[in-house]
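Below is query.tsv, which holds TSV, C-alpha atoms and all ligand atoms.
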chain	number	residue	atom	x	y	z
A	241	MET	CA	17.11	-13.32	-80.10
A	242	TYR	CA	18.82	-15.14	-77.25
A	243	ILE	CA	17.32	-15.17	-73.75
A	244	PRO	CA	19.95	-15.88	-71.06
A	245	TYR	CA	19.05	-17.32	-67.61
A	246	GLY	CA	20.26	-14.12	-65.96
A	247	ARG	CA	21.84	-10.81	-66.86
A	248	GLN	CA	22.64	-7.36	-65.50
A	249	TYR	CA	20.60	-4.21	-66.05
A	250	ILE	CA	22.75	-1.12	-66.72
A	251	ASP	CA	21.33	2.32	-67.57
A	252	ASP	CA	22.82	5.76	-68.29
A	253	ASP	CA	22.83	6.69	-64.59
A	254	ASP	CA	25.10	3.71	-63.92
A	255	ILE	CA	27.41	4.67	-66.77
A	256	ASN	CA	27.59	8.32	-65.68
A	257	ALA	CA	28.33	7.33	-62.08
A	258	VAL	CA	31.36	5.31	-63.19
A	259	VAL	CA	32.61	8.04	-65.53
A	260	GLU	CA	32.41	10.57	-62.67
A	261	VAL	CA	34.77	8.46	-60.56
A	262	LEU	CA	37.24	8.14	-63.43
A	263	LYS	CA	37.52	11.96	-63.38
A	264	SER	CA	37.98	12.08	-59.59
A	265	ASP	CA	41.05	11.72	-57.35
A	266	TYR	CA	40.28	8.18	-56.28
A	267	LEU	CA	40.28	5.03	-58.36
A	268	THR	CA	40.71	2.38	-55.68
A	269	THR	CA	39.65	2.80	-52.03
A	270	GLY	CA	38.02	6.23	-51.70
A	271	PRO	CA	34.73	7.78	-50.61
A	272	LYS	CA	32.57	5.57	-52.88
A	273	VAL	CA	33.54	2.41	-50.99
A	274	VAL	CA	32.25	3.79	-47.68
A	275	GLU	CA	29.15	5.25	-49.34
A	276	PHE	CA	28.32	1.88	-50.93
A	277	GLU	CA	28.92	0.06	-47.63
A	278	ASN	CA	26.60	2.51	-45.86
A	279	MET	CA	23.88	2.05	-48.45
A	280	VAL	CA	23.90	-1.74	-48.21
A	281	LYS	CA	24.13	-1.83	-44.42
A	282	GLU	CA	21.23	0.62	-44.10
A	283	TYR	CA	19.17	-1.37	-46.60
A	284	VAL	CA	19.61	-4.64	-44.70
A	285	GLY	CA	19.56	-2.95	-41.28
A	286	ALA	CA	22.99	-4.13	-40.12
A	287	LYS	CA	25.47	-2.09	-38.04
A	288	TYR	CA	28.55	-2.79	-40.16
A	289	ALA	CA	29.39	-3.61	-43.78
A	290	VAL	CA	32.72	-4.34	-45.47
A	291	ALA	CA	32.97	-4.22	-49.27
A	292	VAL	CA	35.46	-6.57	-50.93
A	293	SER	CA	36.59	-7.59	-54.41
A	294	ASN	CA	34.05	-10.40	-54.98
A	295	GLY	CA	31.60	-12.72	-53.23
A	296	THR	CA	34.18	-15.46	-52.83
A	297	ALA	CA	36.56	-13.04	-51.08
A	298	ALA	CA	33.61	-12.06	-48.86
A	299	LEU	CA	33.17	-15.71	-47.84
A	300	HIS	CA	36.92	-16.12	-47.29
A	301	VAL	CA	37.30	-13.08	-45.01
A	302	ALA	CA	34.08	-14.03	-43.19
A	303	CYS	CA	35.56	-17.46	-42.41
A	304	LEU	CA	38.86	-15.87	-41.32
A	305	ALA	CA	37.07	-13.33	-39.11
A	306	ALA	CA	35.09	-16.19	-37.60
A	307	GLY	CA	38.38	-17.81	-36.63
A	308	ILE	CA	37.89	-20.89	-38.82
A	309	GLY	CA	41.20	-22.72	-39.23
A	310	GLU	CA	43.04	-26.02	-39.36
A	311	GLY	CA	41.28	-28.88	-37.59
A	312	ASP	CA	37.85	-27.23	-37.73
A	313	GLU	CA	34.82	-28.62	-39.51
A	314	VAL	CA	32.24	-26.35	-41.14
A	315	ILE	CA	28.86	-27.65	-42.23
A	316	THR	CA	27.38	-26.45	-45.51
A	317	THR	CA	25.04	-27.47	-48.32
A	318	PRO	CA	26.01	-29.34	-51.51
A	319	ILE	CA	23.40	-27.40	-53.56
A	320	THR	CA	25.45	-24.25	-54.01
A	321	PHE	CA	28.21	-22.71	-56.05
A	322	VAL	CA	31.60	-24.26	-55.19
A	323	ALA	CA	32.76	-21.02	-53.50
A	324	SER	CA	30.54	-21.71	-50.43
A	325	ALA	CA	32.66	-24.77	-49.64
A	326	ASN	CA	36.00	-23.70	-51.12
A	327	CYS	CA	36.25	-20.83	-48.61
A	328	ILE	CA	36.36	-23.47	-45.85
A	329	LEU	CA	39.27	-25.22	-47.58
A	330	TYR	CA	41.10	-21.87	-48.02
A	331	CYS	CA	41.23	-21.69	-44.20
A	332	GLY	CA	42.62	-25.21	-43.85
A	333	ALA	CA	39.32	-26.46	-42.40
A	334	THR	CA	37.08	-29.30	-43.62
A	335	PRO	CA	33.72	-28.82	-45.34
A	336	ILE	CA	31.04	-31.27	-44.15
A	337	PHE	CA	28.00	-31.53	-46.38
A	338	ALA	CA	24.55	-31.77	-44.82
A	339	ASP	CA	21.68	-32.78	-47.08
A	340	ILE	CA	18.95	-30.41	-48.19
A	341	ASN	CA	15.26	-30.30	-47.42
A	342	PRO	CA	13.67	-31.63	-50.65
A	343	ASN	CA	10.89	-29.02	-50.44
A	344	THR	CA	12.88	-25.81	-49.91
A	345	TYR	CA	16.15	-27.08	-51.47
A	346	ASN	CA	17.98	-25.41	-48.56
A	347	ILE	CA	20.17	-27.08	-45.93
A	348	ASP	CA	18.12	-29.35	-43.62
A	349	PRO	CA	18.61	-28.33	-39.97
A	350	GLU	CA	17.99	-31.92	-38.84
A	351	ASP	CA	20.82	-33.18	-41.04
A	352	VAL	CA	23.05	-30.36	-39.79
A	353	ARG	CA	22.43	-31.65	-36.27
A	354	ARG	CA	23.41	-35.19	-37.31
A	355	LYS	CA	26.68	-33.94	-38.86
A	356	ILE	CA	27.90	-32.04	-35.77
A	357	THR	CA	31.08	-33.35	-34.09
A	358	ASN	CA	33.35	-31.85	-31.44
A	359	LYS	CA	35.33	-30.26	-34.31
A	360	THR	CA	32.36	-28.35	-35.74
A	361	LYS	CA	33.00	-24.62	-35.65
A	362	ALA	CA	30.42	-23.02	-37.92
A	363	ILE	CA	27.55	-23.45	-40.37
A	364	ILE	CA	27.56	-21.80	-43.79
A	365	ALA	CA	23.89	-21.51	-44.78
A	366	VAL	CA	23.15	-20.68	-48.41
A	367	HIS	CA	19.82	-19.06	-49.31
A	368	PHE	CA	19.45	-21.01	-52.55
A	369	THR	CA	17.67	-19.01	-55.31
A	370	GLY	CA	17.00	-16.21	-52.76
A	371	GLN	CA	14.75	-18.27	-50.51
A	372	PRO	CA	15.80	-17.90	-46.85
A	373	CYS	CA	17.03	-20.99	-45.00
A	374	GLU	CA	15.25	-22.17	-41.84
A	375	LEU	CA	17.21	-19.69	-39.75
A	376	ASP	CA	15.32	-20.12	-36.45
A	377	GLU	CA	16.10	-23.83	-36.43
A	378	LEU	CA	19.73	-23.23	-37.44
A	379	ARG	CA	20.13	-20.54	-34.77
A	380	HIS	CA	18.74	-22.92	-32.18
A	381	ILE	CA	21.30	-25.59	-33.13
A	382	ALA	CA	24.13	-23.05	-33.30
A	383	LYS	CA	23.33	-21.86	-29.80
A	384	GLU	CA	23.16	-25.38	-28.42
A	385	TYR	CA	26.61	-26.29	-29.84
A	386	ASN	CA	28.22	-22.84	-29.69
A	387	LEU	CA	28.64	-22.52	-33.47
A	388	LEU	CA	28.84	-19.42	-35.64
A	389	ILE	CA	26.47	-18.96	-38.55
A	390	ILE	CA	27.72	-17.45	-41.80
A	391	GLU	CA	24.97	-16.82	-44.32
A	392	ASP	CA	26.03	-17.00	-47.97
A	393	ALA	CA	23.44	-14.54	-49.27
A	394	ALA	CA	24.86	-14.26	-52.79
A	395	HIS	CA	21.31	-15.08	-54.00
A	396	ALA	CA	19.38	-13.25	-51.32
A	397	LEU	CA	19.93	-9.49	-51.36
A	398	GLY	CA	16.41	-8.13	-50.84
A	399	ALA	CA	14.98	-11.28	-49.26
A	400	ASP	CA	13.52	-11.33	-45.77
A	401	TYR	CA	13.06	-13.98	-43.11
A	402	LYS	CA	9.94	-13.49	-40.97
A	403	GLY	CA	10.10	-9.72	-41.47
A	404	GLU	CA	13.85	-9.40	-40.89
A	405	MET	CA	16.06	-8.50	-43.88
A	406	ILE	CA	18.70	-11.05	-44.83
A	407	GLY	CA	22.00	-9.43	-43.80
A	408	ASN	CA	20.85	-8.44	-40.34
A	409	ILE	CA	20.31	-11.84	-38.74
A	410	SER	CA	23.35	-14.06	-38.27
A	411	ASP	CA	26.92	-13.40	-37.09
A	412	LEU	CA	28.10	-12.76	-40.65
A	413	THR	CA	26.31	-12.49	-44.00
A	414	THR	CA	28.03	-12.34	-47.39
A	415	PHE	CA	26.80	-10.94	-50.71
A	416	SER	CA	28.05	-11.07	-54.32
A	417	PHE	CA	27.72	-8.38	-56.97
A	418	HIS	CA	28.57	-10.54	-59.97
A	419	PRO	CA	26.51	-9.41	-63.03
A	420	VAL	CA	23.92	-12.21	-62.70
A	421	LYS	CA	23.16	-11.30	-59.06
A	422	HIS	CA	20.58	-8.72	-57.90
A	423	ILE	CA	22.88	-5.73	-58.32
A	424	THR	CA	26.30	-5.63	-59.90
A	425	THR	CA	29.65	-3.91	-59.52
A	426	GLY	CA	31.23	-6.03	-62.29
A	427	GLU	CA	33.01	-8.05	-59.63
A	428	GLY	CA	32.34	-7.30	-56.00
A	429	GLY	CA	31.15	-8.57	-52.66
A	430	MET	CA	30.20	-7.46	-49.17
A	431	ILE	CA	29.98	-8.81	-45.64
A	432	THR	CA	27.50	-7.46	-43.09
A	433	THR	CA	27.59	-7.99	-39.34
A	434	ASN	CA	26.30	-6.46	-36.10
A	435	ASP	CA	29.44	-7.40	-34.15
A	436	LYS	CA	32.14	-4.72	-33.78
A	437	GLU	CA	34.93	-7.23	-33.17
A	438	LEU	CA	34.06	-9.29	-36.25
A	439	TYR	CA	33.90	-6.04	-38.23
A	440	ASN	CA	37.43	-5.07	-37.16
A	441	ARG	CA	38.72	-8.47	-38.22
A	442	LEU	CA	36.95	-8.28	-41.61
A	443	VAL	CA	38.62	-4.92	-42.28
A	444	LEU	CA	42.04	-6.34	-41.32
A	445	TYR	CA	41.76	-9.41	-43.54
A	446	ARG	CA	40.52	-7.34	-46.51
A	447	SER	CA	43.84	-5.53	-46.72
A	448	HIS	CA	46.93	-7.60	-45.82
A	449	GLY	CA	46.13	-7.82	-42.10
A	450	ILE	CA	47.43	-4.26	-41.86
A	451	THR	CA	45.99	-1.63	-39.51
A	452	ARG	CA	46.55	2.09	-39.14
A	453	ASN	CA	44.20	2.19	-36.15
A	454	GLN	CA	46.41	3.20	-33.20
A	455	SER	CA	44.16	1.51	-30.66
A	456	LEU	CA	44.95	-1.88	-32.28
A	457	MET	CA	48.74	-1.37	-32.49
A	458	SER	CA	51.41	-2.64	-30.12
A	459	SER	CA	53.53	0.50	-30.58
A	460	TYR	CA	53.51	3.78	-32.52
A	461	ASP	CA	56.54	5.18	-34.32
A	462	GLY	CA	54.92	8.16	-36.06
A	463	PRO	CA	52.34	9.20	-38.62
A	464	TRP	CA	53.74	6.85	-41.32
A	465	TYR	CA	53.46	3.85	-39.04
A	466	TYR	CA	51.26	0.81	-39.62
A	467	GLU	CA	51.29	-2.72	-38.30
A	468	GLN	CA	50.52	-6.07	-39.89
A	469	LEU	CA	48.63	-8.03	-37.25
A	470	GLU	CA	47.34	-11.01	-39.26
A	471	LEU	CA	48.08	-12.66	-42.61
A	472	GLY	CA	45.49	-10.90	-44.73
A	473	PHE	CA	44.91	-10.47	-48.46
A	474	ASN	CA	44.36	-7.77	-51.03
A	475	TYR	CA	40.62	-8.15	-51.39
A	476	ARG	CA	39.94	-4.43	-51.79
A	477	VAL	CA	37.27	-3.19	-54.16
A	478	THR	CA	37.60	0.02	-56.17
A	479	ASP	CA	35.73	3.31	-56.12
A	480	ILE	CA	34.95	2.67	-59.80
A	481	GLN	CA	33.10	-0.51	-58.85
A	482	CYS	CA	31.41	1.00	-55.80
A	483	ALA	CA	30.11	3.98	-57.83
A	484	LEU	CA	28.32	1.42	-60.00
A	485	GLY	CA	27.10	-0.37	-56.88
A	486	ILE	CA	25.65	2.86	-55.42
A	487	SER	CA	23.81	3.59	-58.65
A	488	GLN	CA	22.52	0.00	-58.82
A	489	MET	CA	21.33	0.08	-55.18
A	490	LYS	CA	18.91	2.89	-56.14
A	491	LYS	CA	17.16	0.39	-58.44
A	492	LEU	CA	17.29	-2.65	-56.15
A	493	GLU	CA	13.66	-2.39	-54.97
A	494	GLN	CA	12.50	-2.27	-58.59
A	495	PHE	CA	14.77	-5.16	-59.54
A	496	VAL	CA	13.44	-7.37	-56.74
A	497	ALA	CA	9.81	-6.42	-57.48
A	498	ARG	CA	10.23	-7.38	-61.14
A	499	ARG	CA	11.94	-10.67	-60.24
A	500	ARG	CA	9.00	-11.49	-57.94
A	501	GLU	CA	6.56	-10.67	-60.72
A	502	ILE	CA	8.36	-12.99	-63.13
A	503	ALA	CA	8.55	-15.81	-60.55
A	504	ASN	CA	4.83	-15.48	-59.70
A	505	ARG	CA	3.94	-15.67	-63.37
A	506	TYR	CA	6.03	-18.85	-63.86
A	507	ASN	CA	4.43	-20.34	-60.73
A	508	ASP	CA	0.92	-19.63	-62.05
A	509	GLU	CA	1.67	-21.00	-65.50
A	510	PHE	CA	3.42	-24.16	-64.34
A	511	SER	CA	1.43	-25.08	-61.22
A	512	ASN	CA	-0.82	-27.49	-63.16
A	513	ILE	CA	1.73	-28.93	-65.55
A	514	LYS	CA	2.04	-32.64	-64.86
A	515	ASN	CA	5.80	-33.02	-65.29
A	516	ILE	CA	6.92	-29.81	-63.58
A	517	ILE	CA	7.44	-29.23	-59.86
A	518	ILE	CA	7.42	-25.52	-59.03
A	519	PRO	CA	9.52	-24.18	-56.14
A	520	LYS	CA	7.81	-24.36	-52.73
A	521	GLN	CA	8.14	-21.33	-50.46
A	522	LEU	CA	8.89	-21.20	-46.75
A	523	ASP	CA	6.03	-19.64	-44.76
A	524	GLY	CA	6.47	-16.05	-43.62
A	525	CYS	CA	9.51	-15.33	-45.81
A	526	ASN	CA	9.99	-13.39	-49.03
A	527	ASN	CA	12.28	-14.87	-51.67
A	528	SER	CA	14.21	-12.29	-53.72
A	529	TRP	CA	14.42	-14.72	-56.68
A	530	HIS	CA	17.99	-14.66	-57.95
A	531	LEU	CA	17.10	-17.90	-59.74
A	532	TYR	CA	13.87	-19.56	-60.80
A	533	VAL	CA	14.38	-23.33	-60.59
A	534	ILE	CA	11.87	-26.01	-61.56
A	535	GLN	CA	12.12	-29.79	-61.38
A	536	ILE	CA	11.34	-31.71	-64.55
A	537	ILE	CA	9.98	-35.18	-63.79
A	538	ASN	CA	9.12	-38.12	-66.09
A	539	GLU	CA	11.06	-36.42	-68.87
A	540	ASN	CA	14.68	-36.57	-69.93
A	541	ARG	CA	16.11	-33.45	-68.28
A	542	ARG	CA	19.11	-33.32	-70.60
A	543	GLU	CA	16.90	-33.49	-73.70
A	544	VAL	CA	14.66	-30.73	-72.34
A	545	VAL	CA	17.72	-28.52	-71.67
A	546	GLU	CA	19.20	-29.21	-75.10
A	547	SER	CA	15.92	-28.50	-76.82
A	548	LEU	CA	15.45	-25.18	-74.96
A	549	LEU	CA	19.04	-24.14	-75.74
A	550	ALA	CA	18.42	-24.95	-79.41
A	551	GLN	CA	15.46	-22.55	-79.25
A	552	ASN	CA	17.68	-19.75	-77.90
A	553	ILE	CA	16.52	-20.07	-74.31
A	554	GLY	CA	19.63	-19.96	-72.13
A	555	VAL	CA	18.56	-22.37	-69.43
A	556	ASN	CA	21.11	-23.64	-66.94
A	557	VAL	CA	21.37	-26.09	-64.03
A	558	HIS	CA	22.16	-24.86	-60.51
A	559	TYR	CA	23.93	-26.75	-58.99
A	560	ILE	CA	25.94	-29.92	-59.40
A	561	PRO	CA	26.31	-31.13	-55.77
A	562	VAL	CA	29.68	-29.67	-54.74
A	563	TYR	CA	31.13	-32.93	-53.40
A	564	LYS	CA	30.56	-34.51	-56.88
A	565	GLN	CA	33.22	-32.22	-58.38
A	566	PRO	CA	36.43	-34.10	-59.32
A	567	TYR	CA	38.49	-31.98	-56.91
A	568	TYR	CA	36.27	-33.02	-53.99
A	569	GLN	CA	36.01	-36.64	-55.18
A	570	ASN	CA	39.82	-36.81	-55.28
A	571	ASN	CA	40.21	-35.21	-51.86
A	572	GLY	CA	38.16	-37.32	-49.51
A	573	TYR	CA	34.51	-37.04	-50.57
A	574	LYS	CA	34.08	-40.31	-52.52
A	575	ASN	CA	31.77	-41.70	-49.83
A	576	THR	CA	29.72	-38.55	-49.33
A	577	VAL	CA	26.07	-39.02	-50.26
A	578	CYS	CA	23.31	-36.43	-49.87
A	579	SER	CA	20.47	-38.27	-51.54
A	580	ASN	CA	17.96	-35.39	-51.60
A	581	ALA	CA	20.56	-33.14	-53.22
A	582	GLU	CA	21.39	-35.75	-55.86
A	583	GLU	CA	17.72	-36.38	-56.59
A	584	VAL	CA	16.78	-32.73	-57.13
A	585	TYR	CA	19.99	-32.04	-59.06
A	586	SER	CA	18.94	-34.69	-61.59
A	587	ASN	CA	15.64	-32.84	-62.16
A	588	PHE	CA	16.64	-29.17	-61.88
A	589	ILE	CA	16.43	-26.54	-64.64
A	590	SER	CA	16.97	-22.79	-64.07
A	591	LEU	CA	14.73	-20.66	-66.28
A	592	PRO	CA	15.44	-17.07	-67.37
A	593	ILE	CA	14.78	-14.45	-64.68
A	594	TYR	CA	16.22	-10.92	-64.65
A	595	PRO	CA	14.75	-7.41	-64.36
A	596	ASN	CA	14.46	-6.57	-68.05
A	597	LEU	CA	13.16	-9.94	-69.23
A	598	SER	CA	10.12	-8.75	-71.20
A	599	ASP	CA	6.62	-10.25	-70.91
A	600	GLU	CA	6.92	-11.41	-74.54
A	601	GLU	CA	10.19	-13.15	-73.83
A	602	GLN	CA	8.71	-14.80	-70.76
A	603	ASN	CA	5.68	-15.95	-72.80
A	604	TYR	CA	8.04	-17.52	-75.31
A	605	VAL	CA	9.90	-19.37	-72.52
A	606	ILE	CA	6.64	-20.53	-70.89
A	607	ASN	CA	5.24	-21.86	-74.17
A	608	LYS	CA	8.38	-23.75	-75.09
A	609	VAL	CA	8.77	-25.27	-71.62
A	610	LYS	CA	5.09	-26.31	-71.50
A	611	LYS	CA	5.33	-27.94	-74.92
A	612	LEU	CA	8.23	-30.09	-73.71
A	613	CYS	CA	6.73	-31.01	-70.33
A	614	MET	CA	3.02	-31.62	-70.93
B	1	LIG	C1	27.92	-16.04	-57.00
B	1	LIG	C2	28.07	-16.87	-55.78
B	1	LIG	C3	29.22	-16.85	-54.98
B	1	LIG	C4	30.49	-16.19	-55.39
B	1	LIG	O1	30.42	-14.88	-55.70
B	1	LIG	P1	31.51	-14.21	-56.67
B	1	LIG	O2	31.21	-12.77	-56.56
B	1	LIG	O3	31.26	-14.76	-58.05
B	1	LIG	O4	32.85	-14.58	-56.16
B	1	LIG	C5	29.20	-17.56	-53.79
B	1	LIG	N1	28.14	-18.28	-53.41
B	1	LIG	C6	27.04	-18.36	-54.18
B	1	LIG	C7	25.88	-19.17	-53.69
B	1	LIG	C8	26.97	-17.69	-55.39
B	1	LIG	O5	25.88	-17.79	-56.15
If you convert what's in this file into structure tokens, what do you get?
Amino acid sequence: MYIPYGRQYIDDDDINAVVEVLKSDYLTTGPKVVEFENMVKEYVGAKYAVAVSNGTAALHVACLAAGIGEGDEVITTPITFVASANCILYCGATPIFADINPNTYNIDPEDVRRKITNKTKAIIAVHFTGQPCELDELRHIAKEYNLLIIEDAAHALGADYKGEMIGNISDLTTFSFHPVKHITTGEGGMITTNDKELYNRLVLYRSHGITRNQSLMSSYDGPWYYEQLELGFNYRVTDIQCALGISQMKKLEQFVARRREIANRYNDEFSNIKNIIIPKQLDGCNNSWHLYVIQIINENRREVVESLLAQNIGVNVHYIPVYKQPYYQNNGYKNTVCSNAEEVYSNFISLPIYPNLSDEEQNYVINKVKKLCM
């Protein structure tokens, strides 16, 4: 028995949905892409959704649609997967790291404010573990300085902020459908927005910057005609993948409910353990629990991780502060310090959480973790 920190849940309905597409006329962009986009946008309550090849591509096209380019600065968090910052570099802009709030582990609006310069163009807010960022405070700052907000919601499909679904709040919100995330398409991503103009730009950048929409063209030579208006990419997703996504969406509510159940159980079991800090929750919001992260204090974190791995519990650590990566260290971030981020990183352990983690498996994890942290 090996218990990973996260894994997909695939049933026969998912398998049949994919097989159906393989027998149809469309393999790449066909009716399943639009159907999947409609399902996600309706679920989060947004006007528009654009499906792309992965969550990183979603971040890249979101940055491009937002007009982020050379000379711009974009503020983000160091406690995230590298993609949240790399997408800024792809556009020729500069990532600026603001420290996190040590309670929520999300970007600290006060530190965002301190990092703003006249070059700041946008904020990329990451809902770490599925817990919403302090969006009211961020929105307030964004308004004051005329900044765009891009939410990296790779962890937060199904989460809500003060009653509003994540995906329907900021200028642009991106999702990932990698197998460890809430739903999977193998590889896949999506961007949601309520802004028609941003939507048009997302669609352009997804496919080479090419349009067949006559109202966007400078001339029209005939029915074969198309125009390349921007330098876009091939970030298209396939009907095969979207058929899986549609089938997975039907189970999303169940998936999120089970993740919440598992997280609540961990919280109950660990709340009185001396050397464990359980994750604190922002008032009025509902975490969708992509990850369950505890801090281990007064113990050697590495030894705890190694011991759990040796007992077939696939714990992990999310995340090494992005600016600590050699690539960032070698490209201008040697003097960057976010002390809260570094402190929590040194204590963090991600425990197994996924829809078909059984109660018995969770008991096993709880017992082993308690034994090491009493
Ligand atoms: C998974 C993830 C991404 C990237 O998504 P991919 O689909 O793997 O490209 C971006 N940001 C965060 C926070 C993630 O967890």
Cut-off 10 Å: closest chain A/ligand LIG 1 (chain B) atom pairs per residue, using only C-alpha atoms and all ligand atoms, as a Markdown table:
| residue | atom | partner | partner_atom | distance |
| --- | --- | --- | --- | --- |
| A:Val292 | CA | B:LIG1 | O2 | 9.4 |
| A:Ser293 | CA | B:LIG1 | O2 | 7.8 |
| A:Asn294 | CA | B:LIG1 | O2 | 4.0 |
| A:Gly295 | CA | B:LIG1 | O2 | 3.4 |
| A:Thr296 | CA | B:LIG1 | O4 | 3.7 |
| A:Ala297 | CA | B:LIG1 | O4 | 6.5 |
| A:Ala298 | CA | B:LIG1 | O4 | 7.8 |
| A:Leu299 | CA | B:LIG1 | C5 | 7.4 |
| A:His300 | CA | B:LIG1 | O4 | 9.9 |
| A:Thr317 | CA | B:LIG1 | C7 | 9.9 |
| A:Ile319 | CA | B:LIG1 | C7 | 8.6 |
| A:Thr320 | CA | B:LIG1 | C7 | 5.1 |
| A:Phe321 | CA | B:LIG1 | C7 | 4.9 |
| A:Val322 | CA | B:LIG1 | N1 | 7.1 |
| A:Ala323 | CA | B:LIG1 | C5 | 5.0 |
| A:Ser324 | CA | B:LIG1 | N1 | 5.1 |
| A:Ala325 | CA | B:LIG1 | N1 | 8.8 |
| A:Asn326 | CA | B:LIG1 | C5 | 9.5 |
| A:Cys327 | CA | B:LIG1 | C5 | 9.3 |
| A:Ala365 | CA | B:LIG1 | C7 | 9.4 |
| A:Val366 | CA | B:LIG1 | C7 | 6.1 |
| A:His367 | CA | B:LIG1 | C7 | 7.5 |
| A:Phe368 | CA | B:LIG1 | C7 | 6.8 |
| A:Thr369 | CA | B:LIG1 | O5 | 8.3 |
| A:Gly370 | CA | B:LIG1 | C7 | 9.4 |
| A:Glu391 | CA | B:LIG1 | C7 | 9.7 |
| A:Asp392 | CA | B:LIG1 | N1 | 6.0 |
| A:Ala393 | CA | B:LIG1 | C7 | 6.9 |
| A:Ala394 | CA | B:LIG1 | C8 | 4.8 |
| A:His395 | CA | B:LIG1 | O5 | 5.7 |
| A:Ala396 | CA | B:LIG1 | C7 | 9.1 |
| A:Thr414 | CA | B:LIG1 | C5 | 8.3 |
| A:Phe415 | CA | B:LIG1 | O1 | 7.3 |
| A:Ser416 | CA | B:LIG1 | O2 | 4.2 |
| A:Phe417 | CA | B:LIG1 | O2 | 5.6 |
| A:His418 | CA | B:LIG1 | O2 | 4.9 |
| A:Pro419 | CA | B:LIG1 | O2 | 8.7 |
| A:Val420 | CA | B:LIG1 | C1 | 7.9 |
| A:Lys421 | CA | B:LIG1 | C1 | 7.0 |
| A:Thr424 | CA | B:LIG1 | O2 | 9.3 |
| A:Thr425 | CA | B:LIG1 | O2 | 9.5 |
| A:Gly426 | CA | B:LIG1 | O2 | 8.8 |
| A:Glu427 | CA | B:LIG1 | O2 | 5.9 |
| A:Gly428 | CA | B:LIG1 | O2 | 5.6 |
| A:Gly429 | CA | B:LIG1 | O2 | 5.7 |
| A:Met430 | CA | B:LIG1 | O2 | 9.2 |
| A:His530 | CA | B:LIG1 | O5 | 8.7 |
| A:Leu531 | CA | B:LIG1 | O5 | 9.5 |
| A:His558 | CA | B:LIG1 | O5 | 9.1 |
| A:Tyr559 | CA | B:LIG1 | C7 | 9.5 |
Do you know which residues are at most 9 Å from Cys613 of chain A counting all atoms listed in the file, after dropping those on the same chain fewer than 5 positions away, and could you put them as a ChimeraX atom specification? /A:513-516,536-539,544,608
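For the pair atom CA of Phe473 of chain A and atom CA of Ala289 of chain A, the separation is 17.6 Å.
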Tell me which of A:Ala333, A:Val584, A:Ile431, A:Leu469 sits closest to Pro519 of chain A, counting all atoms listed in the file.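 Of A:Ala333, A:Val584, A:Ile431, A:Leu469, the one nearest Pro519 of chain A, counting all atoms listed in the file, is A:Val584.
Across the structure, atom CA of Pro349 of chain A and atom CA of Glu374 of chain A are spaced 7.3 Å apart.
Atom pair atom CA of Ala581 of chain A / atom CA of Tyr506 of chain A has a distance of 23.0 Å (rounded to one decimal).
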Exercise: residues within 12 Å of coordinate (23.6, -22.7, -31.3), counting all atoms listed in the file, as JSON, numbers by chain: {"A": [349, 352, 353, 356, 360, 361, 362, 363, 375, 376, 377, 378, 379, 380, 381, 382, 383, 384, 385, 386, 387, 388, 389, 410, 411]}
Residue nearest Ser579 of chain A - candidates A:Ala338, A:Met489, A:Leu329, A:Ile593, atoms counted: only C-alpha atoms: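 Closest to Ser579 of chain A, using only C-alpha atoms: A:Ala338.
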Excluding Val258 of chain A and any residue of its chain fewer than 2 positions from it, enumerate the residues within 9 Å of it, using all atoms listed in the file, and give them as a ChimeraX atom specification. /A:253-256,260-262,479-484,487
Quick one: write out the picked residues with C-alpha atoms as a compact mmCIF listing (two decimals), keeping the file's coordinate frame?
# COMPACT_ATOMS: atom_id res chain seq x y z
CA ASP A 253 22.83 6.69 -64.59
CA ASP A 254 25.10 3.71 -63.92
CA ILE A 255 27.41 4.67 -66.77
CA ASN A 256 27.59 8.32 -65.68
CA GLU A 260 32.41 10.57 -62.67
CA VAL A 261 34.77 8.46 -60.56
CA LEU A 262 37.24 8.14 -63.43
CA ASP A 479 35.73 3.31 -56.12
CA ILE A 480 34.95 2.67 -59.80
CA GLN A 481 33.10 -0.51 -58.85
CA CYS A 482 31.41 1.00 -55.80
CA ALA A 483 30.11 3.98 -57.83
CA LEU A 484 28.32 1.42 -60.00
CA SER A 487 23.81 3.59 -58.65
Selected residue of minimal separation from Glu275 of chain A among A:Ile486, A:Ala306, A:Gln494, A:Ile560, counting only C-alpha atoms: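 Once distances to Glu275 of chain A are computed over only C-alpha atoms, the minimum belongs to A:Ile486.
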Could you check the closest approach to Gly554 of chain A for each of A:Asn474, A:Asn434, A:Ser590, A:Thr357 and tell me which residue wins, using all atoms listed in the file?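 Ranked by minimum distance to Gly554 of chain A, first place goes to A:Ser590.
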For Val301 of chain A, the nearest of the candidates A:Glu470, A:Asp251, A:Asp461, A:Glu501, counting only C-alpha atoms: A:Glu470
Of the listed residues A:Trp529, A:Gly462, A:Phe588, A:Ile243, that which approaches Glu600 of chain A most closely, counting all atoms listed in the file: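 Answer, going by the shortest atom-to-atom distance: A:Ile243.
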